[in-house]
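> My structure is below; once you've seen it, I'll send some questions.
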Amino acid sequence: MGCDGGTIPKRHELVKGPKKVEKVDKNAELAAKWKYCALSQEKLKRPIVSCDLGRLYNKDAVIEYLLDKSAERPNAETVVHIRGIRDIKELNLTDNPEWEGERRNAKGDRYEDINCGMFICPVVGLEMNGKHRFCYLQTCGCVFSDRAMKEVKTEICHKCGDPFKIEDVIVLNGTKEEVEKLREKMEERRTKAKIKKSKKSKAAEAAVSTPSESKADDTQVDVAGRSSQQNGDESSQSAAAATTTPANLGHSGAATTTAPSRAGTAGKTTDLRAAFGSNATLESLATPCFNTSIQFRCQCLLEVSLSFVSG
């Protein structure tokens, strides 16, 4: 084979097989998800927020992304679904008393437990290190382990006491299947919000247009009422004028009949002549009546007709 010194090559040295797929260390993957920001890849530090898909971010990194979306970032595809600050929720986390953080000895002469989480479940005390399922509530942002949610079934938050529904529970760093389900729920919730917003806008437009129409109707009613009142006044004036025509009072417009024979008529005639003078005629008695109101005018005309018309 051309080898010196009597060396014999083995099969795997001569035959090249397919390359082995490099396996990702699960511990390293879990540490990257639960201890580092999904956008900036920096260590998680308060305030920590999460999206509708259950990913963990530093709030400062998300705000920087929202202020300048055109800048190139290595993990920009993880935050494409975040449209604004309303699409994230600040988490109410419980610190782990065993987590030393920056206080631990950095000389390298002591063992560092990778599985030690920064936060724990406030109900059962499980560490949030990726080995246990954790979730948070969209209503208040409190974080609990999945075991606590199953063991203590309630519709009130264990930490702050705010009410919540099953739809408000979001799994943190879930599997691909769980992320797809959360994405479907997110799209459905946003569609409902759009429909509700459109209904509110239509109702507001209807409320704005209704007062203008009512004002126009009131104006039409006022005009119609005024016209009917004017017609009534004109009809009453014409009726009053008809009572003083020469047909009822005589051709000359004066008294052409004899003295009244009844005592009541004579008394009324005496009262009227005493008020207006002994030489008062029918025209002089009827003229002041037109300077008063309609009701008093008709009353005076009736008395004048009774005093000067016989029979």
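Within each chain, counting starts at residue 1; across the structure tokens, chains are named A, B, ... in the order shown, with ligands numbered 1 upward in that order.
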Fewer than 5 positions away in the same chain doesn't count, so skip those; otherwise give me all residues within 9 Å of Val143 of chain A, counting only C-alpha atoms, as a tab-separated table (two decimals) with all heavy atoms, in the first residue's frame.


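Output file part_5.tsv is given in full below:
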```
chain	number	residue	atom	x	y	z
A	91	LEU	N	-42.55	40.79	33.46
A	91	LEU	CA	-42.75	39.63	34.31
A	91	LEU	C	-42.50	39.97	35.77
A	91	LEU	O	-41.56	40.71	36.10
A	91	LEU	CB	-41.83	38.49	33.87
A	91	LEU	CG	-42.01	38.00	32.43
A	91	LEU	CD1	-41.04	36.87	32.14
A	91	LEU	CD2	-43.44	37.56	32.16
A	92	ASN	N	-43.34	39.40	36.63
A	92	ASN	CA	-43.20	39.53	38.08
A	92	ASN	C	-42.55	38.25	38.59
A	92	ASN	O	-43.21	37.27	38.90
A	92	ASN	CB	-44.58	39.76	38.71
A	92	ASN	CG	-44.48	40.04	40.20
A	92	ASN	OD1	-43.40	40.21	40.74
A	92	ASN	ND2	-45.63	40.05	40.87
A	93	LEU	N	-41.22	38.26	38.67
A	93	LEU	CA	-40.44	37.07	38.99
A	93	LEU	C	-40.09	37.03	40.48
A	93	LEU	O	-40.01	38.07	41.15
A	93	LEU	CB	-39.16	37.04	38.16
A	93	LEU	CG	-39.37	36.95	36.64
A	93	LEU	CD1	-38.10	37.35	35.90
A	93	LEU	CD2	-39.79	35.55	36.25
A	94	THR	N	-39.84	35.80	40.97
A	94	THR	CA	-39.44	35.58	42.36
A	94	THR	C	-37.98	35.16	42.39
A	94	THR	O	-37.60	34.17	41.75
A	94	THR	CB	-40.32	34.50	43.01
A	94	THR	OG1	-41.70	34.88	42.89
A	94	THR	CG2	-39.97	34.32	44.48
A	120	ILE	N	-37.28	31.33	40.95
A	120	ILE	CA	-37.96	30.11	41.37
A	120	ILE	C	-39.47	30.33	41.33
A	120	ILE	O	-39.95	31.46	41.19
A	120	ILE	CB	-37.55	29.68	42.80
A	120	ILE	CG1	-37.92	30.78	43.81
A	120	ILE	CG2	-36.07	29.35	42.87
A	120	ILE	CD1	-37.70	30.39	45.26
A	121	CYS	N	-40.20	29.24	41.46
A	121	CYS	CA	-41.66	29.30	41.55
A	121	CYS	C	-42.04	29.69	42.97
A	121	CYS	O	-41.57	29.06	43.93
A	121	CYS	CB	-42.27	27.95	41.18
A	121	CYS	SG	-44.06	27.86	41.42
A	122	PRO	N	-42.88	30.70	43.16
A	122	PRO	CA	-43.23	31.12	44.52
A	122	PRO	C	-44.15	30.14	45.25
A	122	PRO	O	-44.33	30.29	46.46
A	122	PRO	CB	-43.93	32.46	44.30
A	122	PRO	CG	-44.50	32.37	42.93
A	122	PRO	CD	-43.54	31.54	42.14
A	134	PHE	N	-42.45	26.33	32.91
A	134	PHE	CA	-42.91	27.54	33.59
A	134	PHE	C	-43.85	28.29	32.67
A	134	PHE	O	-43.78	28.18	31.44
A	134	PHE	CB	-41.73	28.43	33.99
A	134	PHE	CG	-41.15	28.10	35.33
A	134	PHE	CD1	-40.35	26.98	35.50
A	134	PHE	CD2	-41.40	28.90	36.43
A	134	PHE	CE1	-39.81	26.67	36.72
A	134	PHE	CE2	-40.86	28.61	37.66
A	134	PHE	CZ	-40.06	27.49	37.83
A	135	CYS	N	-44.72	29.10	33.25
A	135	CYS	CA	-45.68	29.91	32.50
A	135	CYS	C	-45.91	31.21	33.24
A	135	CYS	O	-45.59	31.34	34.43
A	135	CYS	CB	-46.99	29.15	32.28
A	135	CYS	SG	-47.78	28.58	33.79
A	136	TYR	N	-46.50	32.16	32.54
A	136	TYR	CA	-46.84	33.44	33.17
A	136	TYR	C	-48.26	33.83	32.76
A	136	TYR	O	-48.81	33.33	31.78
A	136	TYR	CB	-45.84	34.53	32.77
A	136	TYR	CG	-46.04	35.12	31.40
A	136	TYR	CD1	-46.78	36.30	31.23
A	136	TYR	CD2	-45.50	34.52	30.27
A	136	TYR	CE1	-46.97	36.84	29.97
A	136	TYR	CE2	-45.66	35.07	29.02
A	136	TYR	CZ	-46.41	36.23	28.87
A	136	TYR	OH	-46.60	36.76	27.63
A	137	LEU	N	-48.84	34.74	33.54
A	137	LEU	CA	-50.21	35.20	33.32
A	137	LEU	C	-50.16	36.55	32.61
A	137	LEU	O	-49.46	37.46	33.05
A	137	LEU	CB	-50.95	35.32	34.65
A	137	LEU	CG	-50.97	34.07	35.53
A	137	LEU	CD1	-51.72	34.34	36.82
A	137	LEU	CD2	-51.60	32.90	34.79
A	159	LYS	N	-50.01	34.77	43.59
A	159	LYS	CA	-49.08	35.74	44.15
A	159	LYS	C	-49.73	37.09	44.44
A	159	LYS	O	-49.56	37.65	45.52
A	159	LYS	CB	-47.91	35.93	43.19
A	159	LYS	CG	-46.74	36.69	43.78
A	159	LYS	CD	-45.54	36.66	42.85
A	159	LYS	CE	-44.35	37.36	43.48
A	159	LYS	NZ	-43.16	37.32	42.60
```

> Using only C-alpha atoms, which residues sit within 9 Å of Met128 of chain A once same-chain residues fewer than 2 positions away are excluded, as a PyMOL selection string?

chain A and resi 34+96+115-121+126+130-134+145

> Limited to N, CA, C and O atoms, could you put the picked residues into a file as a JSON list (two decimals), in the first residue's frame?


```
[["chain", "number", "residue", "atom", "x", "y", "z"],
["A", 34, "TRP", "N", -32.91, 30.43, 29.08],
["A", 34, "TRP", "CA", -33.42, 30.86, 30.37],
["A", 34, "TRP", "C", -32.53, 31.88, 31.08],
["A", 34, "TRP", "O", -32.93, 32.46, 32.08],
["A", 96, "ASN", "N", -34.37, 33.66, 43.40],
["A", 96, "ASN", "CA", -33.90, 32.43, 44.02],
["A", 96, "ASN", "C", -32.88, 32.79, 45.11],
["A", 96, "ASN", "O", -31.85, 33.41, 44.82],
["A", 115, "ASN", "N", -27.11, 24.44, 36.52],
["A", 115, "ASN", "CA", -28.56, 24.21, 36.65],
["A", 115, "ASN", "C", -29.21, 25.10, 37.69],
["A", 115, "ASN", "O", -30.42, 25.03, 37.88],
["A", 116, "CYS", "N", -28.45, 25.90, 38.39],
["A", 116, "CYS", "CA", -29.02, 26.80, 39.39],
["A", 116, "CYS", "C", -29.64, 28.00, 38.68],
["A", 116, "CYS", "O", -28.95, 28.72, 37.93],
["A", 117, "GLY", "N", -30.94, 28.20, 38.87],
["A", 117, "GLY", "CA", -31.66, 29.27, 38.19],
["A", 117, "GLY", "C", -31.70, 30.55, 39.00],
["A", 117, "GLY", "O", -31.58, 30.55, 40.23],
["A", 118, "MET", "N", -31.89, 31.66, 38.29],
["A", 118, "MET", "CA", -31.97, 32.96, 38.97],
["A", 118, "MET", "C", -33.30, 33.15, 39.69],
["A", 118, "MET", "O", -33.38, 33.91, 40.65],
["A", 119, "PHE", "N", -34.33, 32.47, 39.20],
["A", 119, "PHE", "CA", -35.68, 32.66, 39.75],
["A", 119, "PHE", "C", -36.30, 31.31, 40.08],
["A", 119, "PHE", "O", -35.89, 30.27, 39.53],
["A", 120, "ILE", "N", -37.28, 31.33, 40.95],
["A", 120, "ILE", "CA", -37.96, 30.11, 41.37],
["A", 120, "ILE", "C", -39.47, 30.33, 41.33],
["A", 120, "ILE", "O", -39.95, 31.46, 41.19],
["A", 121, "CYS", "N", -40.20, 29.24, 41.46],
["A", 121, "CYS", "CA", -41.66, 29.30, 41.55],
["A", 121, "CYS", "C", -42.04, 29.69, 42.97],
["A", 121, "CYS", "O", -41.57, 29.06, 43.93],
["A", 126, "LEU", "N", -39.71, 25.43, 42.72],
["A", 126, "LEU", "CA", -38.89, 24.87, 41.65],
["A", 126, "LEU", "C", -38.07, 25.97, 40.98],
["A", 126, "LEU", "O", -38.55, 27.09, 40.80],
["A", 130, "GLY", "N", -35.02, 25.56, 33.11],
["A", 130, "GLY", "CA", -35.28, 24.85, 31.88],
["A", 130, "GLY", "C", -35.67, 23.40, 32.07],
["A", 130, "GLY", "O", -36.18, 22.77, 31.14],
["A", 131, "LYS", "N", -35.42, 22.86, 33.23],
["A", 131, "LYS", "CA", -35.80, 21.47, 33.48],
["A", 131, "LYS", "C", -37.27, 21.33, 33.81],
["A", 131, "LYS", "O", -37.83, 20.23, 33.74],
["A", 132, "HIS", "N", -37.89, 22.40, 34.22],
["A", 132, "HIS", "CA", -39.30, 22.38, 34.59],
["A", 132, "HIS", "C", -40.04, 23.41, 33.73],
["A", 132, "HIS", "O", -39.50, 24.46, 33.38],
["A", 133, "ARG", "N", -41.28, 23.07, 33.42],
["A", 133, "ARG", "CA", -42.11, 23.98, 32.61],
["A", 133, "ARG", "C", -42.59, 25.14, 33.48],
["A", 133, "ARG", "O", -43.07, 24.94, 34.59],
["A", 134, "PHE", "N", -42.45, 26.33, 32.91],
["A", 134, "PHE", "CA", -42.91, 27.54, 33.59],
["A", 134, "PHE", "C", -43.85, 28.29, 32.67],
["A", 134, "PHE", "O", -43.78, 28.18, 31.44],
["A", 145, "SER", "N", -44.63, 27.80, 38.09],
["A", 145, "SER", "CA", -44.32, 26.53, 37.43],
["A", 145, "SER", "C", -45.62, 25.85, 37.00],
["A", 145, "SER", "O", -46.69, 26.09, 37.58]]
```

> Give me the residues of segment 40-126 of chain A that have any atom at most 12 Å from an atom of segment 169-186 of chain A; for each, the nearest atom pair and the distance in Å, rounded to one decimal. Use only C-alpha atoms, sort by chain and number, and format it as a Markdown table.


```
| residue | atom | partner | partner_atom | distance |
| --- | --- | --- | --- | --- |
| A:Val49 | CA | A:Leu172 | CA | 11.0 |
| A:Ser50 | CA | A:Leu172 | CA | 8.1 |
| A:Cys51 | CA | A:Ile170 | CA | 9.0 |
| A:Asp52 | CA | A:Met186 | CA | 6.5 |
| A:Leu53 | CA | A:Leu182 | CA | 5.6 |
| A:Gly54 | CA | A:Leu172 | CA | 4.2 |
| A:Arg55 | CA | A:Asn173 | CA | 5.6 |
| A:Leu56 | CA | A:Leu172 | CA | 7.6 |
| A:Tyr57 | CA | A:Asn173 | CA | 11.3 |
| A:Thr78 | CA | A:Val179 | CA | 11.9 |
| A:His81 | CA | A:Arg183 | CA | 9.2 |
| A:Ile82 | CA | A:Met186 | CA | 10.9 |
| A:Asp87 | CA | A:Met186 | CA | 9.8 |
| A:Ile88 | CA | A:Ile170 | CA | 11.8 |
| A:Lys89 | CA | A:Ile170 | CA | 10.8 |
| A:Leu91 | CA | A:Leu172 | CA | 11.0 |
```

> Run DSSP on the backbone and grab whatever in segment 31-216 of chain A lands in strand (DSSP E); send it over as a list in words.

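After running DSSP on the backbone, segment 31-216 of chain A has strand (DSSP E) at Ile48, Val49, Ser50, Leu56, Tyr57, Asn58, Lys89, Glu90, Thr94, Asp95, Phe119, Ile120, Phe134, Cys135, Tyr136, Leu137, Val143, Phe144, Ser145, Val169, Ile170 and Val171 of chain A.
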